[in-house]
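Shown next: start02.txt, containing compact mmCIF, C-alpha atoms and all ligand atoms.
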```
# COMPACT_ATOMS: atom_id res chain seq x y z
CA MET A 130 0.00 0.00 0.00
CA GLY A 131 1.05 3.63 -0.24
CA ARG A 132 1.59 6.25 -2.84
CA GLU A 133 5.05 5.37 -4.16
CA GLY A 134 5.76 7.76 -7.03
CA ALA A 135 7.53 5.09 -9.10
CA LEU A 136 4.45 2.93 -9.51
CA ALA A 137 2.46 3.25 -12.73
CA PRO A 138 -0.88 5.08 -12.39
CA THR A 139 -2.72 2.09 -13.84
CA HIS A 140 -3.23 -0.57 -11.17
CA ILE A 141 -5.54 -2.95 -13.05
CA GLN A 142 -5.53 -3.05 -16.84
CA VAL A 143 -8.32 -4.94 -18.57
CA SER A 144 -8.13 -5.71 -22.27
CA GLY A 145 -10.02 -7.82 -24.77
CA LEU A 146 -12.21 -9.27 -22.04
CA ARG A 147 -14.82 -11.72 -23.26
CA PHE A 148 -17.32 -13.67 -21.15
CA ALA A 149 -20.63 -15.41 -21.81
CA ARG A 150 -23.17 -16.95 -19.47
CA GLY A 151 -24.66 -19.78 -21.50
CA ALA A 152 -25.54 -18.34 -24.88
CA ARG A 153 -25.74 -14.80 -23.55
CA PRO A 154 -22.64 -12.65 -24.03
CA VAL A 155 -21.97 -10.48 -20.98
CA PHE A 156 -18.62 -9.03 -22.12
CA ARG A 157 -17.77 -8.91 -25.83
CA ASP A 158 -14.65 -6.76 -25.63
CA VAL A 159 -14.05 -4.87 -22.42
CA ARG A 160 -10.96 -2.71 -22.12
CA ALA A 161 -10.44 -0.28 -19.26
CA ASP A 162 -7.81 1.02 -16.87
CA PHE A 163 -8.34 1.22 -13.12
CA LEU A 164 -6.18 3.81 -11.38
CA ARG A 165 -3.87 3.12 -8.47
CA ASP A 166 -4.86 4.51 -5.06
CA ARG A 167 -7.90 6.17 -6.59
CA ILE A 168 -11.67 5.63 -6.48
CA ASN A 169 -12.73 3.80 -9.63
CA VAL A 170 -16.49 3.33 -10.07
CA ILE A 171 -18.04 0.76 -12.40
CA LEU A 172 -21.42 1.92 -13.67
CA GLY A 173 -23.85 0.06 -15.90
CA GLY A 174 -27.45 -1.09 -16.11
CA SER A 175 -28.69 -4.13 -14.22
CA GLY A 176 -27.11 -7.20 -15.79
CA ALA A 177 -24.34 -5.19 -17.51
CA GLY A 178 -21.73 -7.23 -15.65
CA LYS A 179 -20.57 -5.00 -12.76
CA THR A 180 -20.60 -7.79 -10.18
CA THR A 181 -19.13 -10.18 -12.75
CA LEU A 182 -16.16 -7.85 -13.31
CA LEU A 183 -15.58 -7.45 -9.56
CA ARG A 184 -15.65 -11.23 -9.18
CA MET A 185 -13.00 -11.47 -11.88
CA PHE A 186 -10.87 -8.89 -10.04
CA GLY A 187 -11.19 -11.01 -6.90
CA CYS A 188 -10.13 -14.13 -8.85
CA LEU A 189 -13.49 -15.72 -8.05
CA LEU A 190 -14.31 -16.09 -11.74
CA ARG A 191 -12.29 -16.31 -14.96
CA PRO A 192 -13.19 -14.68 -18.27
CA ASP A 193 -13.45 -16.76 -21.45
CA ALA A 194 -10.72 -14.67 -23.08
CA GLY A 195 -8.73 -11.50 -22.56
CA SER A 196 -6.36 -10.12 -19.98
CA ILE A 197 -6.61 -8.68 -16.46
CA LEU A 198 -3.17 -7.37 -15.60
CA VAL A 199 -2.51 -6.20 -12.03
CA ASP A 200 0.56 -4.09 -11.18
CA GLY A 201 1.82 -4.63 -14.73
CA ASP A 202 3.01 -8.13 -13.86
CA THR A 203 0.26 -10.29 -12.36
CA GLU A 204 -1.99 -11.76 -15.06
CA LEU A 205 -5.07 -12.86 -13.14
CA THR A 206 -6.38 -15.08 -15.91
CA ARG A 207 -3.29 -17.30 -15.70
CA LEU A 208 -2.74 -17.69 -11.94
CA GLY A 209 -2.50 -21.16 -10.43
CA ALA A 210 -4.35 -22.07 -7.24
CA ALA A 211 -1.51 -21.12 -4.85
CA GLU A 212 -0.96 -17.81 -6.64
CA VAL A 213 -4.69 -17.07 -6.46
CA ARG A 214 -4.57 -17.58 -2.69
CA SER A 215 -1.64 -15.23 -2.26
CA TYR A 216 -3.15 -12.64 -4.63
CA ARG A 217 -6.45 -12.69 -2.68
CA ARG A 218 -4.60 -11.66 0.47
CA ARG A 219 -3.85 -8.35 -1.27
CA VAL A 220 -7.54 -7.80 -2.05
CA GLY A 221 -10.34 -6.73 0.28
CA MET A 222 -13.89 -7.54 -0.75
CA MET A 223 -17.07 -5.87 0.39
CA PHE A 224 -19.74 -7.77 -1.48
CA GLN A 225 -23.50 -7.51 -1.11
CA GLY A 226 -24.65 -9.32 2.00
CA GLY A 227 -21.73 -11.73 2.06
CA ALA A 228 -19.18 -9.82 4.08
CA LEU A 229 -20.12 -10.65 7.68
CA LEU A 230 -20.81 -13.97 9.35
CA ASP A 231 -24.10 -13.69 11.25
CA SER A 232 -23.14 -15.94 14.15
CA LEU A 233 -19.89 -14.14 15.00
CA SER A 234 -19.54 -10.87 16.89
CA ILE A 235 -18.33 -7.86 14.89
CA TYR A 236 -14.96 -8.16 16.65
CA ASP A 237 -14.60 -11.84 15.72
CA ASN A 238 -15.68 -11.12 12.15
CA LEU A 239 -12.75 -8.70 11.86
CA ALA A 240 -10.28 -10.89 13.74
CA LEU A 241 -11.10 -14.01 11.69
CA PRO A 242 -9.01 -13.26 8.56
CA LEU A 243 -6.05 -12.29 10.75
CA ARG A 244 -6.36 -15.43 12.87
CA GLU A 245 -6.49 -17.54 9.71
CA HIS A 246 -3.92 -15.84 7.51
CA SER A 247 -1.42 -14.00 9.69
CA PRO A 248 1.12 -15.00 12.32
CA LEU A 249 -0.09 -12.24 14.67
CA SER A 250 -0.70 -12.93 18.35
CA GLU A 251 -4.15 -12.31 19.86
CA GLY A 252 -2.87 -9.04 21.39
CA GLU A 253 -1.51 -7.85 18.05
CA ILE A 254 -4.77 -8.83 16.34
CA GLN A 255 -6.69 -6.78 18.87
CA ARG A 256 -4.52 -3.74 18.10
CA GLU A 257 -5.07 -4.17 14.34
CA VAL A 258 -8.83 -4.59 14.77
CA ASP A 259 -9.07 -1.55 17.06
CA GLN A 260 -7.15 0.51 14.53
CA VAL A 261 -9.53 -0.48 11.73
CA PHE A 262 -12.58 0.21 13.94
CA ASP A 263 -11.09 3.63 14.52
CA SER A 264 -10.43 4.29 10.82
CA VAL A 265 -14.07 3.57 9.87
CA GLY A 266 -15.53 5.35 12.90
CA LEU A 267 -16.92 2.28 14.65
CA GLU A 268 -16.29 2.04 18.36
CA GLY A 269 -17.98 0.07 21.08
CA VAL A 270 -19.75 -2.36 18.74
CA GLY A 271 -17.21 -5.21 18.81
CA ALA A 272 -19.36 -7.41 21.04
CA LEU A 273 -22.53 -7.00 18.93
CA LEU A 274 -23.75 -9.41 16.27
CA PRO A 275 -24.15 -8.12 12.68
CA ALA A 276 -27.97 -8.29 13.01
CA GLU A 277 -27.81 -5.85 15.93
CA LEU A 278 -26.35 -3.06 13.77
CA SER A 279 -28.23 -0.53 11.65
CA GLY A 280 -27.82 -0.69 7.85
CA GLY A 281 -25.27 2.13 7.81
CA MET A 282 -23.25 0.59 10.66
CA ARG A 283 -23.33 -2.79 8.95
CA LYS A 284 -21.75 -1.18 5.87
CA ARG A 285 -19.09 0.34 8.12
CA ALA A 286 -18.43 -3.04 9.70
CA ALA A 287 -18.27 -4.72 6.28
CA LEU A 288 -15.80 -2.06 5.16
CA ALA A 289 -13.74 -2.61 8.31
CA ARG A 290 -13.76 -6.36 7.65
CA ALA A 291 -12.52 -5.77 4.09
CA LEU A 292 -9.74 -3.43 5.29
CA VAL A 293 -8.44 -5.42 8.26
CA THR A 294 -5.86 -7.29 6.18
CA ALA A 295 -4.50 -3.96 4.78
CA PRO A 296 -5.29 -4.78 1.13
CA ASP A 297 -3.82 -2.97 -1.92
CA ILE A 298 -7.15 -3.24 -3.71
CA LEU A 299 -10.63 -2.88 -2.23
CA LEU A 300 -13.57 -4.25 -4.24
CA CYS A 301 -17.02 -2.98 -3.19
CA ASP A 302 -20.26 -4.17 -4.73
CA GLU A 303 -23.11 -1.66 -4.37
CA PRO A 304 -22.01 -0.11 -1.07
CA PHE A 305 -25.03 2.23 -1.16
CA SER A 306 -27.81 -0.26 -1.79
CA GLY A 307 -30.60 -0.24 0.76
CA LEU A 308 -29.43 2.99 2.44
CA ASP A 309 -31.42 6.20 2.87
CA PRO A 310 -29.97 9.34 1.18
CA ALA A 311 -28.38 10.69 4.37
CA THR A 312 -26.65 7.37 5.05
CA VAL A 313 -25.50 7.19 1.41
CA ARG A 314 -23.71 10.50 2.06
CA LEU A 315 -22.11 9.12 5.23
CA VAL A 316 -20.87 5.91 3.62
CA GLU A 317 -19.66 7.89 0.61
CA ALA A 318 -17.70 10.29 2.85
CA LEU A 319 -16.28 7.32 4.70
CA LEU A 320 -15.05 5.67 1.48
CA VAL A 321 -13.45 8.94 0.31
CA ASP A 322 -11.81 9.44 3.70
CA VAL A 323 -10.48 5.88 3.85
CA ASN A 324 -9.22 6.19 0.27
CA GLU A 325 -7.33 9.40 1.07
CA ARG A 326 -5.87 8.18 4.33
CA LEU A 327 -5.00 4.59 3.41
CA GLY A 328 -4.18 5.10 -0.27
CA VAL A 329 -5.97 1.92 -1.31
CA THR A 330 -7.12 1.33 -4.89
CA MET A 331 -10.92 1.17 -4.75
CA VAL A 332 -13.11 -0.45 -7.38
CA ILE A 333 -16.76 0.20 -6.59
CA ALA A 334 -19.74 -1.15 -8.53
CA SER A 335 -22.65 1.21 -8.15
CA HIS A 336 -26.00 2.30 -9.50
CA HIS A 337 -25.77 5.55 -7.68
CA ILE A 338 -24.97 8.24 -10.26
CA PRO A 339 -24.81 11.37 -8.05
CA SER A 340 -22.39 9.78 -5.58
CA THR A 341 -20.33 8.37 -8.46
CA PHE A 342 -19.82 11.84 -9.89
CA ARG A 343 -18.94 13.20 -6.45
CA MET A 344 -16.44 10.56 -5.42
CA ALA A 345 -14.92 8.87 -8.50
CA GLN A 346 -11.63 9.79 -10.10
CA GLN A 347 -12.25 7.22 -12.83
CA ILE A 348 -15.60 5.95 -14.14
CA VAL A 349 -15.93 2.75 -16.17
CA LEU A 350 -19.36 2.47 -17.78
CA LEU A 351 -20.25 -1.05 -18.93
CA VAL A 352 -22.50 -0.87 -21.94
CA ASP A 353 -23.31 -3.19 -24.86
CA GLY A 354 -20.69 -5.76 -23.82
CA GLY A 355 -17.92 -3.16 -23.82
CA ALA A 356 -16.69 -0.32 -21.60
CA VAL A 357 -16.42 3.44 -21.90
CA SER A 358 -14.08 4.97 -19.35
CA GLY A 359 -12.83 8.37 -18.31
CA THR A 360 -12.87 10.96 -15.57
CA PRO A 361 -16.19 12.44 -14.35
CA LYS A 362 -15.26 15.64 -16.21
CA TRP A 363 -14.76 13.69 -19.43
CA PHE A 364 -18.19 12.04 -19.00
CA HIS A 365 -19.81 15.45 -18.44
CA GLY A 366 -18.69 16.53 -21.90
CA CYS A 367 -19.14 13.15 -23.60
CA ARG A 368 -21.66 13.08 -26.44
CA ASP A 369 -21.41 9.35 -27.25
CA PRO A 370 -25.03 8.19 -27.81
CA LYS A 371 -24.41 4.99 -25.79
CA VAL A 372 -23.29 7.09 -22.84
CA ASP A 373 -26.16 9.56 -23.22
CA HIS A 374 -28.61 6.69 -23.36
CA PHE A 375 -27.36 5.34 -20.03
CA PHE A 376 -27.49 8.72 -18.33
CA ALA A 377 -30.81 9.69 -19.93
CA GLY A 378 -32.85 11.54 -17.35
CA GLU A 379 -30.01 11.64 -14.80
CA ALA A 380 -27.86 14.70 -14.22
CA LYS A 381 -24.22 13.89 -15.00
N1 LIG B 401 -24.63 -17.43 -11.49
C1 LIG B 401 -25.12 -16.99 -12.68
N2 LIG B 401 -25.69 -17.84 -13.56
C2 LIG B 401 -26.15 -17.40 -14.75
N3 LIG B 401 -26.09 -16.15 -15.17
C3 LIG B 401 -25.54 -15.25 -14.35
C4 LIG B 401 -25.00 -15.62 -13.06
N4 LIG B 401 -24.50 -14.52 -12.49
C5 LIG B 401 -24.69 -13.51 -13.36
N5 LIG B 401 -25.31 -13.95 -14.48
C6 LIG B 401 -25.66 -13.14 -15.65
O1 LIG B 401 -24.52 -12.37 -16.01
C7 LIG B 401 -24.94 -11.07 -16.40
C8 LIG B 401 -24.20 -10.04 -15.60
O2 LIG B 401 -24.62 -10.13 -14.26
P1 LIG B 401 -24.06 -9.21 -13.10
O3 LIG B 401 -24.62 -9.73 -11.84
O4 LIG B 401 -22.58 -9.11 -13.20
O5 LIG B 401 -24.70 -7.79 -13.48
P2 LIG B 401 -24.70 -6.44 -12.63
O6 LIG B 401 -24.26 -5.36 -13.55
O7 LIG B 401 -23.93 -6.63 -11.38
O8 LIG B 401 -26.25 -6.25 -12.32
P3 LIG B 401 -26.98 -5.58 -11.03
O9 LIG B 401 -26.90 -4.10 -11.26
O10 LIG B 401 -28.38 -6.06 -11.12
O11 LIG B 401 -26.26 -6.01 -9.80
C9 LIG B 401 -26.45 -11.01 -16.22
O12 LIG B 401 -27.04 -11.20 -17.47
C10 LIG B 401 -26.75 -12.15 -15.31
O13 LIG B 401 -28.02 -12.66 -15.62
MG MG B 402 -24.41 -6.56 -9.35
```
Target format structure tokens, applied to this file:
Amino acid sequence: MGREGALAPTHIQVSGLRFARGARPVFRDVRADFLRDRINVILGGSGAGKTTLLRMFGCLLRPDAGSILVDGDTELTRLGAAEVRSYRRRVGMMFQGGALLDSLSIYDNLALPLREHSPLSEGEIQREVDQVFDSVGLEGVGALLPAELSGGMRKRAALARALVTAPDILLCDEPFSGLDPATVRLVEALLVDVNERLGVTMVIASHHIPSTFRMAQQIVLLVDGGAVSGTPKWFHGCRDPKVDHFFAGEAK
């Protein structure tokens, strides 16, 4: 992690990506760059493949063809099982619903990946967990079960769980779903704050257009089996009919 000047600005480079579910093509030819240490938001209609792309970035799914190059040297589509396991340790995932185990306290949910994958002692784990609680603004909830938290706090806890292993890349699927507008603003501010302080590359799949234009440095719009990408400013001025069609009725 960090903002080393020598590293290339592109963290994940996707090219020629092809993927079909049965007879239905999801990706025909996706190419896009995801920027290091920045907030990258994947937009697209329902079924456009946002979750599918995040799953590919987490090495949970392989494309039929094409390349996903991480750090200029790790080709995700060609990793063996052991390499996948070590790559996944560099990736935090905050996926819909799946992030927290219902039967474990919030503290144990956060401690679990460290107990399983690090040589840290219980005291050291506690320090790490407390630090992450602090960085997402969650204190005093360690003993509670996930079901005892409000929707906004659950998102915070899921984010904390995804950050506890200090990942280089954070994948978030629809972090704003099911939240009221005020809580959307809070979770959005939290993601921006964490991004600035921890310098982690964020890839966020979202339907939420206003928050995307507020928080993203790079937007990747999945449309017609391909991708259109650029900065929010570039999208504001973009007159591509495919892009206009997606944003129809929504202020860019
Ligand atoms: N397990 C699955 N089996 C069959 N088809 C699937 C499966 N998962 C996804 N698909 C299909 O792949 C396509 C892309 O789905 P995906 O979930 O990635 O879209 P999405 O952009 O995340 O949509 P949403 O905005 O609704 O979350 C859809 O057509 C979907 O029907
Ligand atoms: Mg989805």
**Study point:** Two-atom distance - CA of Thr341 (chain A), CA of Leu239 (chain A) (Å)
**Key:**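 It comes out at 27.6 Å.
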Using 10 Å as the limit and counting only C-alpha atoms, can you tabulate each residue of region 261-377 of chain A that touches region 183-195 of chain A, with its shortest atom-to-atom distance in Å and the two atoms involved, as a Markdown table?
```
| residue | atom | partner | partner_atom | distance |
| --- | --- | --- | --- | --- |
| A:Ile298 | CA | A:Phe186 | CA | 9.3 |
| A:Leu299 | CA | A:Gly187 | CA | 9.4 |
| A:Leu300 | CA | A:Leu183 | CA | 6.5 |
| A:Cys301 | CA | A:Leu183 | CA | 7.9 |
| A:Asp302 | CA | A:Leu183 | CA | 7.5 |
| A:Val332 | CA | A:Leu183 | CA | 7.7 |
| A:Ile333 | CA | A:Leu183 | CA | 8.3 |
| A:Ala334 | CA | A:Leu183 | CA | 7.6 |
```
Practice item. Would you list the residues that come within 12 Å of ligand MG 402 (chain B)? Count all atoms listed in the file and give the answer as a list in words. Key: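 Taking all atoms listed in the file into account, the residues around ligand MG 402 (chain B) at most 12 Å away are Ile171, Leu172, Gly173, Gly174, Ser175, Gly176, Ala177, Gly178, Lys179, Thr180, Thr181, Leu182, Leu183, Arg184, Phe224, Gln225, Gly226, Cys301, Asp302, Glu303, Pro304, Ser306, Ile333, Ala334, Ser335, His336 and Leu351 of chain A.
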Check your understanding: Within 12 Å of Gly269 (chain A), counting all atoms listed in the file, which residues qualify if same-chain residues fewer than 2 places away don't, as a list of chain:residue names?
Key ->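 Using all atoms listed in the file, the neighbours found are A:Ser234, A:Ile235, A:Tyr236, A:Asp259, A:Phe262, A:Asp263, A:Gly266, A:Leu267, A:Gly271, A:Ala272, A:Leu273, A:Leu278, A:Met282, A:Ala286.
Minimum atom-to-atom distance to ligand LIG 401 (chain B), evaluated using only C-alpha atoms and all ligand atoms, belongs to A:Ala152 out of A:Ala152, A:Ile197, A:Ile254, A:Ala345.
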Exercise for review: Quick one: pull the distance between CA of Gly354 (chain A) and CA of Glu204 (chain A), Å, one decimal.
Suggested key: 21.5 Å
Review point. Skipping near chain neighbours, those fewer than 3 positions away, what residues fall within 8 Å of Asp158 (chain A) using only C-alpha atoms, listed as a PyMOL selection string?
Key: chain A and resi 144-147+354-356
Exercise for review: Rank A:Gly307, A:Pro242, A:Gly209, A:Pro154 by their smallest atom-to-atom distance to ligand LIG 401 (chain B), using only C-alpha atoms and all ligand atoms, and report the top residue only.
Suggested key: A:Pro154
Given 8 Å of margin on each side, can you work out the centre and size in Å (one decimal) of an axis-aligned box holding every listed atom of ligand LIG 401 (chain B), as JSON?
```
{"center_x": -25.5, "center_y": -11.0, "center_z": -13.6, "size_x": 21.8, "size_y": 29.7, "size_z": 23.7}
```
Check your understanding: Taking all atoms listed in the file into account, which of A:Ile141, A:Ala149, A:Ala289, A:Ala161 comes nearest ligand LIG 401 (chain B)?
Key ->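 Among the listed residues, the smallest separation from ligand LIG 401 (chain B) belongs to A:Ala149.
With all atoms listed in the file as the atoms that count, the residue of A:Ala377, A:Ala228, A:Val155, A:Val170 with the shortest distance to ligand LIG 401 (chain B) is A:Val155.
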Exercise for review: Within 8 Å of (-4.7, -8.6, 0.2) (coordinates as in the file), grab all the protein and nucleic acid residues, counting only C-alpha atoms, and write them out as an MDAnalysis selection string.
Suggested key: chainID A and resid 215:221 294:298
Review point. So, counting all atoms listed in the file, which residue among A:Cys367, A:Gly201, A:His140, A:Val258 is closest to Asn169 (chain A)?
Key: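 Of the candidates, the smallest distance to Asn169 (chain A) is held by A:His140.
Between ligand LIG 401 (chain B) and the residues A:Trp363, A:Leu249, A:Val349, A:Leu315, the shortest atom-to-atom distance, using only C-alpha atoms and all ligand atoms, involves A:Val349.
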Revision key, fill the gap. One decimal place gives the CA of Leu308 (chain A)-CA of His337 (chain A) separation as 11.1 Å
Exercise for review: Would you kindly return, as an MDAnalysis selection string, each protein, DNA or RNA residue with an atom no farther than 9 Å from any atom of Ile168 (chain A), considering all atoms listed in the file and excluding same-chain residues fewer than 5 positions away?
Suggested key: chainID A and resid 163 320:321 324 329:333 344:348
Exercise for review: Neighbourhood query: residues within 10 Å of (-22.0, 1.2, -26.2), file coordinates, counting only C-alpha atoms; return as a list in words.
Suggested key: Leu350, Leu351, Val352, Asp353, Gly354, Gly355, Ala356, Val357, Asp369, Pro370, Lys371, Val372, Asp373, His374 and Phe375 of chain A
